[in-house]
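Here the structure comes first, spelled out in structure tokens, and everything after it is commentary.
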Amino acid sequence: MNTRLSAEERSKFQNSETIRKILNKSKTIAIVGLSDKRERASNFVGSYLKSEGYTIIPVNPLKQEILGEKCYPDLASIPVAVDVVDIFRRPDECVNIVKEAIAIKAKAVVMQLGIVNRDAAELAQANGLMVIMDRCLKMEHGRYNGNLHWAGMNTEIITAKKVSRFI
Amino acid sequence: MSDKRKFGFETRMLHAGHIPDSYSGARAVPIYQTAGYVFDSPEYAASLFELKQYGNIYSRISNPTTAVFEERVASLEGGTGALATASGQAAQMICMMTLLNPGDEFVASSHLYGGTYTQFEHTFKKLGVKVHFVDPMDIKNWEKAITPKTRLLYGETIGNPQGSVFDFEGVSALAKANSIPLVIDNTLASPYLCRPLEWGADIVLHSATKFLNGHGTSIAGVIIDSGKFDFSNYPAISSPSIPYHNLNFFETFGHYGFLMKARCETLRDVGATISPFDSFLLVTGMETLSVRMERHVSNALTISKFLKSHPMVDWVNFSGLPDHPHYERAQRYLPKGAGSVFAFGLKAINNNPRETGKKFLENLELFSHVANLGDCKSLVIHPASTTHQQLSDEELKRANIKPELIRLSIGLETTDDLIWDLEQAFHAISQ
């Protein structure tokens, strides 16, 4: 639903188990193309992930600091281990960003809602990275923890078990 | 919890949108009868107001009981999400105010519920929005009415009271060709009988008062979005939102942009919000939707056949009967049944159709004389002597209401008893 990917691509690049694993096991998320403008989608996602307890690392060569975090010009310059590379750049830049993500040994790559580059996705997967494409990390977090359920979203989660809605 | 299996309609009718909470384990959906919600911190509150966090702020905008209703109906219609409203009229108003700006136009089928017609024709005029009504029977009428100012197309799955069935494939192709959304009122079918999003509609509305509730206990409405329409160049959705610091709802929320804007701007400002208790009644009602609808349609078929063969009946307008012009279309789009609301014409006694209809209603014992439909109980109304009694014969004709028209909403009673009731009323007026 709501994606340009085929059913087969969805099971590969929008797999719910993979999305949950990324949200559950990751601590550090580098956001490539994070904007300091409060109205931009990347700023919404960055501030949300930070407030949900993730360490965010802005990757933006034009800025010193965004959302209170030090900016790095590229992934290679980040001095700590990165779990997830979350991409807010044009599709044609994704292959190079994935190559950098592989080089820094990131565990996952997320190409945000509306960003589709199949070569980049295949390259990341072939190198053992978990891959999510054409999905928003903030919205997926909201889907599984129930916060978007409160906004009327069809989360597609069905269970009769007594569970707290977390990821 | 699993989102791997594609659960069936009946399972989702009972479970979608509600996970028993770890605190109480309550199996039924709790009624969160609260106006406000305690914030974690001032910073968290600020991020909620800025839409940087998702969560409950105030029950005019969202409520946990209402969220169950919303997710459940979104699941049944196959949408990406839903927004509940205080009534079906409010659902239309909030949907249209989200999609349209002053100066915009839209094209609607003329086979519409009278209240919708009035809202579109008169109240929308005050908002600077112009509606063009078209006879939906010919696709060319739609084509001709579309102008560069047309922002959406609108119709009902089952037109009321003509019993026409919407040309989903024809009109949705036209909407796509013009890059505008198709909005469908699916009230008379319910998602059990027809899911317009599967036939190319982009947004579905309901008066949830009717079959979704099923028991005539709540006034409610709902908007369901497929999430598939590309709003990137659609002015009302993709232009910067001034109250939200120039946020572009489509850029930021993608396929959820329309619903976020409808909730966080239009519903917030219009304030036509459903109450948590009504959401609870809707959730409860929807648990039996498929079972009720199966009986509704089989009873309606039995009653319509009885009326069709009755000497005091002039005509029956029900697309579930083979002589209706849309019988084939109903078989395609409504294979489980053409609903349970239809109209018939009484043969006038003494050449006075209004008086004949009035007397017929006076003599019914079991059918309830009510301005509603989609109740478990069978309902009847004679527009010419009630809702439309102020209209002259000429005005009635223009409103597409024949003076002999009687509308039935067939309920779940024993069909022999319903037939007995109709028969004794026919007998009484023939004396």
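Scheme for the structure tokens: letters A, B, ... for chains in order shown; per-chain residue numbers from 1; ligand numbers from 1 in order shown.
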| field | Residues of segment 125-310 of chain B in helix (DSSP H, G or I), written as an MDAnalysis selection string | value | chainID B and resid 125:126 139:145 168:177 190:193 196:199 235:238 249:270 276:286 289:308
What are the closest atom pairs, with distances in Å to one decimal, for each residue of chain A lying within 10 Å of chain B, using only C-alpha atoms, rows by chain and rising residue number, as JSON lines?
```
{"residue": "A:Met1", "atom": "CA", "partner": "B:Thr80", "partner_atom": "CA", "distance": 7.6}
{"residue": "A:Asn2", "atom": "CA", "partner": "B:Lys228", "partner_atom": "CA", "distance": 5.4}
{"residue": "A:Thr3", "atom": "CA", "partner": "B:Lys228", "partner_atom": "CA", "distance": 8.1}
{"residue": "A:Arg4", "atom": "CA", "partner": "B:Lys228", "partner_atom": "CA", "distance": 9.9}
{"residue": "A:Asn15", "atom": "CA", "partner": "B:Lys4", "partner_atom": "CA", "distance": 9.2}
{"residue": "A:Ser16", "atom": "CA", "partner": "B:Asp3", "partner_atom": "CA", "distance": 7.5}
{"residue": "A:Glu17", "atom": "CA", "partner": "B:Lys4", "partner_atom": "CA", "distance": 8.7}
{"residue": "A:Lys37", "atom": "CA", "partner": "B:His245", "partner_atom": "CA", "distance": 10.0}
{"residue": "A:Arg38", "atom": "CA", "partner": "B:His245", "partner_atom": "CA", "distance": 7.7}
{"residue": "A:Glu39", "atom": "CA", "partner": "B:Leu247", "partner_atom": "CA", "distance": 4.7}
{"residue": "A:Arg40", "atom": "CA", "partner": "B:Thr252", "partner_atom": "CA", "distance": 6.8}
{"residue": "A:Ala41", "atom": "CA", "partner": "B:Thr252", "partner_atom": "CA", "distance": 4.3}
{"residue": "A:Ser42", "atom": "CA", "partner": "B:Thr252", "partner_atom": "CA", "distance": 8.0}
{"residue": "A:Asn43", "atom": "CA", "partner": "B:Lys52", "partner_atom": "CA", "distance": 8.6}
{"residue": "A:Phe44", "atom": "CA", "partner": "B:Lys52", "partner_atom": "CA", "distance": 5.3}
{"residue": "A:Val45", "atom": "CA", "partner": "B:Lys52", "partner_atom": "CA", "distance": 7.6}
{"residue": "A:Gly46", "atom": "CA", "partner": "B:Lys52", "partner_atom": "CA", "distance": 9.2}
{"residue": "A:Ser47", "atom": "CA", "partner": "B:Lys52", "partner_atom": "CA", "distance": 6.8}
{"residue": "A:Tyr48", "atom": "CA", "partner": "B:Lys52", "partner_atom": "CA", "distance": 5.9}
{"residue": "A:Leu49", "atom": "CA", "partner": "B:Gln53", "partner_atom": "CA", "distance": 9.4}
{"residue": "A:Ser51", "atom": "CA", "partner": "B:Tyr44", "partner_atom": "CA", "distance": 8.2}
{"residue": "A:Glu52", "atom": "CA", "partner": "B:Gln53", "partner_atom": "CA", "distance": 9.1}
{"residue": "A:Leu113", "atom": "CA", "partner": "B:Gly254", "partner_atom": "CA", "distance": 7.0}
{"residue": "A:Gly114", "atom": "CA", "partner": "B:Gly254", "partner_atom": "CA", "distance": 7.9}
{"residue": "A:Arg135", "atom": "CA", "partner": "B:Gly254", "partner_atom": "CA", "distance": 9.4}
{"residue": "A:Cys136", "atom": "CA", "partner": "B:Phe253", "partner_atom": "CA", "distance": 8.6}
{"residue": "A:Lys138", "atom": "CA", "partner": "B:Gln53", "partner_atom": "CA", "distance": 9.1}
{"residue": "A:Met139", "atom": "CA", "partner": "B:Phe253", "partner_atom": "CA", "distance": 8.1}
{"residue": "A:Gly142", "atom": "CA", "partner": "B:Tyr54", "partner_atom": "CA", "distance": 7.1}
{"residue": "A:Tyr144", "atom": "CA", "partner": "B:Met1", "partner_atom": "CA", "distance": 9.7}
{"residue": "A:Gly146", "atom": "CA", "partner": "B:Gly55", "partner_atom": "CA", "distance": 9.0}
{"residue": "A:Asn147", "atom": "CA", "partner": "B:Tyr54", "partner_atom": "CA", "distance": 5.4}
{"residue": "A:Leu148", "atom": "CA", "partner": "B:Tyr54", "partner_atom": "CA", "distance": 6.2}
{"residue": "A:His149", "atom": "CA", "partner": "B:Ala67", "partner_atom": "CA", "distance": 6.4}
{"residue": "A:Trp150", "atom": "CA", "partner": "B:Ala67", "partner_atom": "CA", "distance": 5.1}
{"residue": "A:Ala151", "atom": "CA", "partner": "B:Ser62", "partner_atom": "CA", "distance": 6.6}
{"residue": "A:Gly152", "atom": "CA", "partner": "B:Glu70", "partner_atom": "CA", "distance": 5.0}
{"residue": "A:Met153", "atom": "CA", "partner": "B:Gly81", "partner_atom": "CA", "distance": 4.1}
{"residue": "A:Asn154", "atom": "CA", "partner": "B:Gly81", "partner_atom": "CA", "distance": 4.8}
{"residue": "A:Thr155", "atom": "CA", "partner": "B:Glu71", "partner_atom": "CA", "distance": 7.5}
{"residue": "A:Glu156", "atom": "CA", "partner": "B:Asp3", "partner_atom": "CA", "distance": 5.7}
{"residue": "A:Ile157", "atom": "CA", "partner": "B:Asp3", "partner_atom": "CA", "distance": 4.8}
{"residue": "A:Ile158", "atom": "CA", "partner": "B:Ala16", "partner_atom": "CA", "distance": 5.7}
{"residue": "A:Thr159", "atom": "CA", "partner": "B:Met1", "partner_atom": "CA", "distance": 5.4}
{"residue": "A:Ala160", "atom": "CA", "partner": "B:Ile19", "partner_atom": "CA", "distance": 6.3}
{"residue": "A:Lys161", "atom": "CA", "partner": "B:Pro20", "partner_atom": "CA", "distance": 6.5}
{"residue": "A:Lys162", "atom": "CA", "partner": "B:Pro20", "partner_atom": "CA", "distance": 4.8}
{"residue": "A:Val163", "atom": "CA", "partner": "B:Ser22", "partner_atom": "CA", "distance": 5.1}
{"residue": "A:Ser164", "atom": "CA", "partner": "B:Ser22", "partner_atom": "CA", "distance": 5.2}
{"residue": "A:Arg165", "atom": "CA", "partner": "B:Ile19", "partner_atom": "CA", "distance": 7.8}
{"residue": "A:Phe166", "atom": "CA", "partner": "B:Met1", "partner_atom": "CA", "distance": 9.8}
{"residue": "A:Ile167", "atom": "CA", "partner": "B:Met1", "partner_atom": "CA", "distance": 9.3}
```
| request: Find the residues around Ile19 of chain A up to 10 Å (only C-alpha atoms counted), leave out those fewer than 2 positions away in its own chain, and share them as a count of residues only. | output: 20
| note | Of B:Val297, B:Ile429, B:Ala45, B:Ile419, the one nearest to Glu362 of chain B when counting only C-alpha atoms is B:Ile429
| request: Give me the residues within 12 Å of Gln389 of chain B as a ChimeraX atom specification, counting only C-alpha atoms and dropping any in the same chain fewer than 3 places off. | output: /B:354-355,357-358,381-386,392-393,395-396,401-403
